[in-house]
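Undergrad: If you scroll down you'll find the structure; I have some questions about it.
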Number of protein chains: 2
Amino acid sequence: MKNKNYVFIARSIDGYIADKNGDIDWLYTVANTENSDCGYEKFINKIDAIIMGRSSFEKVLSFGIDWPYNIPVLVLSNTLKKIPKGYIGKVEIISGTPKEILKTAHTKGYKHLYIDGGKTVQGFLNQDLIDEICITTIPILLGEGIPLFKELPEKIRFEHIKTEVYLNELVQSNYRRKR
Amino acid sequence: MKNKNYVFIARSIDGYIADKNGDIDWLYTVANTENSDCGYEKFINKIDAIIMGRSSFEKVLSFGIDWPYNIPVLVLSNTLKKIPKGYIGKVEIISGTPKEILKTAHTKGYKHLYIDGGKTVQGFLNQDLIDEICITTIPILLGEGIPLFKELPEKIRFEHIKTEVYLNELVQSNYRRKR
């Protein structure tokens with residue numbers, strides 16, 4: 001099976017993944033009466049490892065919940081030197097350019113990678129290294145916050161695979177890089 | 001019938017309505033084999049008048065096509081003093097704050113307004129004066145350009161009405177202001 005890099009992320013209508021305080025509570029403004037996972041389980045089942053920025057990693061830790069992943073998580077960081085207590089065997093710290101990181105992941109046998117976190121996604125998109133994007137749009141304008149996308153050196157064409165609406169409110173579109 | 005302000009606009013996945021040169025040729029990267037109007041006719045039929053920024057107006061003129069509107073167009077401008085030759089009776093120049101502009105339009109009997117153009121939409125959203133938004137997402141990342149949205153003083157909640165996919169590629173979502 002070919003190596004593939006995936007993004008699976010939620011954003012506001014105006015393109016933010018977190019509000020100006022870094023909070024994501026607005027993600028839950030839509031009542032989840034059906035207890036829907038919005039396709040997450042199906043998505044994560046095809047992933048071999050997660051590549052996550054340090055900020056996202058620390059955000060997950062800050063939730064004070066049980067570690068939510070049962071696949072390897074590679075945390076991108078140049079500053080983090082030690083894996084926090086309790087996470088040894090669950091996460092690995094790596095650094096380098098997106099291409100170097102991919103090389104490391106592929107060497108470990110991880111072919112299907114979930115690229116997560118704003119800066120990390122932007123870094124991989126900047127090098128045109130994302131194969132599939134699944135974006136779930138939450139029906140809110142935040143007005144400011146942490147943007148999903150950033151400047152790119154070139155336009156990147158995608159093709160639409162499918163769009164589904166969850167809970168009558170959340171619009172989830174899947175795109176594949178058109179090469 | 002209640003007064004209502006509508007937005008009907010296309011953007012790239014990363015939220016731009018025009019590229020860095022102000023061009024919109026990327027809107028047509030998807031082949032329109034079905035000659036679809038992507039819901040435009042149905043939309044425009046419920047509109048009494050269009051409120052358009054000067055840049056958008058000049059953009060339309062630059063296309064060198066027949067005037068595409070058969071309803072009144074109010075062009076927002078503080079600098080334009082004279083209606084260009086050939087457009088008298090088709091467009092009117094107005095100025096003022098979004099609220100003043102609405103008052104003028106309502107006095108003229110225009111209840112359902114199409115608010116068009118980046119800055120104009122942003123100005124009306126800033127005052128929370130948009131009732132419905134129809135956004136069509138084109139499957140491309142532009143990387144830079146003229147953004148659809150800008151900073152807002154507050155978060156604004158919308159509710160999802162419906163989403164349709166045109167030409168298997170263009171995802172069109174309709175939202176209504178949740179008040």
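Labels used: A, B, ... for chains in the order of the structure tokens, numbers from 1 for residues in each chain, and numbers from 1 for ligands as shown.
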I need the residues of range 11-85 of chain B that end up classed as strand (DSSP E or B) by DSSP on the backbone, written out as a ChimeraX atom specification.

TA: /B:11-12,16-18,49-53,73-76

Undergrad: Within 9 Å of range 164-168 of chain A, counting only C-alpha atoms, which residues show up once you throw out same-chain ones fewer than 3 positions away? Write them as a ChimeraX atom specification, please.

TA: /A:30-34,36,38-39,136,171-174 /B:159-163

Undergrad: So which residues of chain B fall under helix (DSSP H, G or I) by DSSP, listed as a PyMOL selection string?

TA: chain B and resi 25-28+40-44+54-62+98-107+118-126

Undergrad: Pull out every residue of chain A that has at least one atom within 7 Å of chain B, counting only C-alpha atoms, and report them as a list of chain:residue names.

TA: A:Asp14, A:Gly15, A:Pro139, A:Ile140, A:Leu141, A:Leu142, A:Gly143, A:Glu144, A:Phe149, A:Lys150, A:Glu151, A:Leu152, A:Pro153, A:Glu154, A:Lys155, A:Ile156, A:Arg157, A:Phe158, A:Glu159, A:His160, A:Asn168, A:Glu169

Undergrad: Rounded to one decimal, what separation in Å do you get between CA of His112 in chain A and CA of Tyr6 in chain A?

TA: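 Value for the CA of His112 in chain A-CA of Tyr6 in chain A distance: 7.4 Å.
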
Undergrad: I'd like to know which of A:Gly64, A:Ile24, A:Glu92, A:Lys82 is closest to Thr104 in chain A, using only C-alpha atoms.

TA: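 The answer is A:Glu92, which sits nearest to Thr104 in chain A.
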
Undergrad: Find the distance between CA of Glu100 in chain B and CA of Lys59 in chain B and write it in Å to one decimal.

TA: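 Taking CA of Glu100 in chain B and CA of Lys59 in chain B, their separation equals 24.5 Å.
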
Undergrad: So which residues touch Ile101 in chain A within 12 Å, counting only C-alpha atoms, skipping near sequence neighbours fewer than 2 positions away, as a PyMOL selection string?

TA: chain A and resi 5+49-53+74-77+92-99+103-108+110+113+115+120+123-124+129

Undergrad: Mind giving me the straight-line distance from CA of Ile71 in chain B to CA of Lys111 in chain B in Å, one decimal?

TA: 12.6 Å
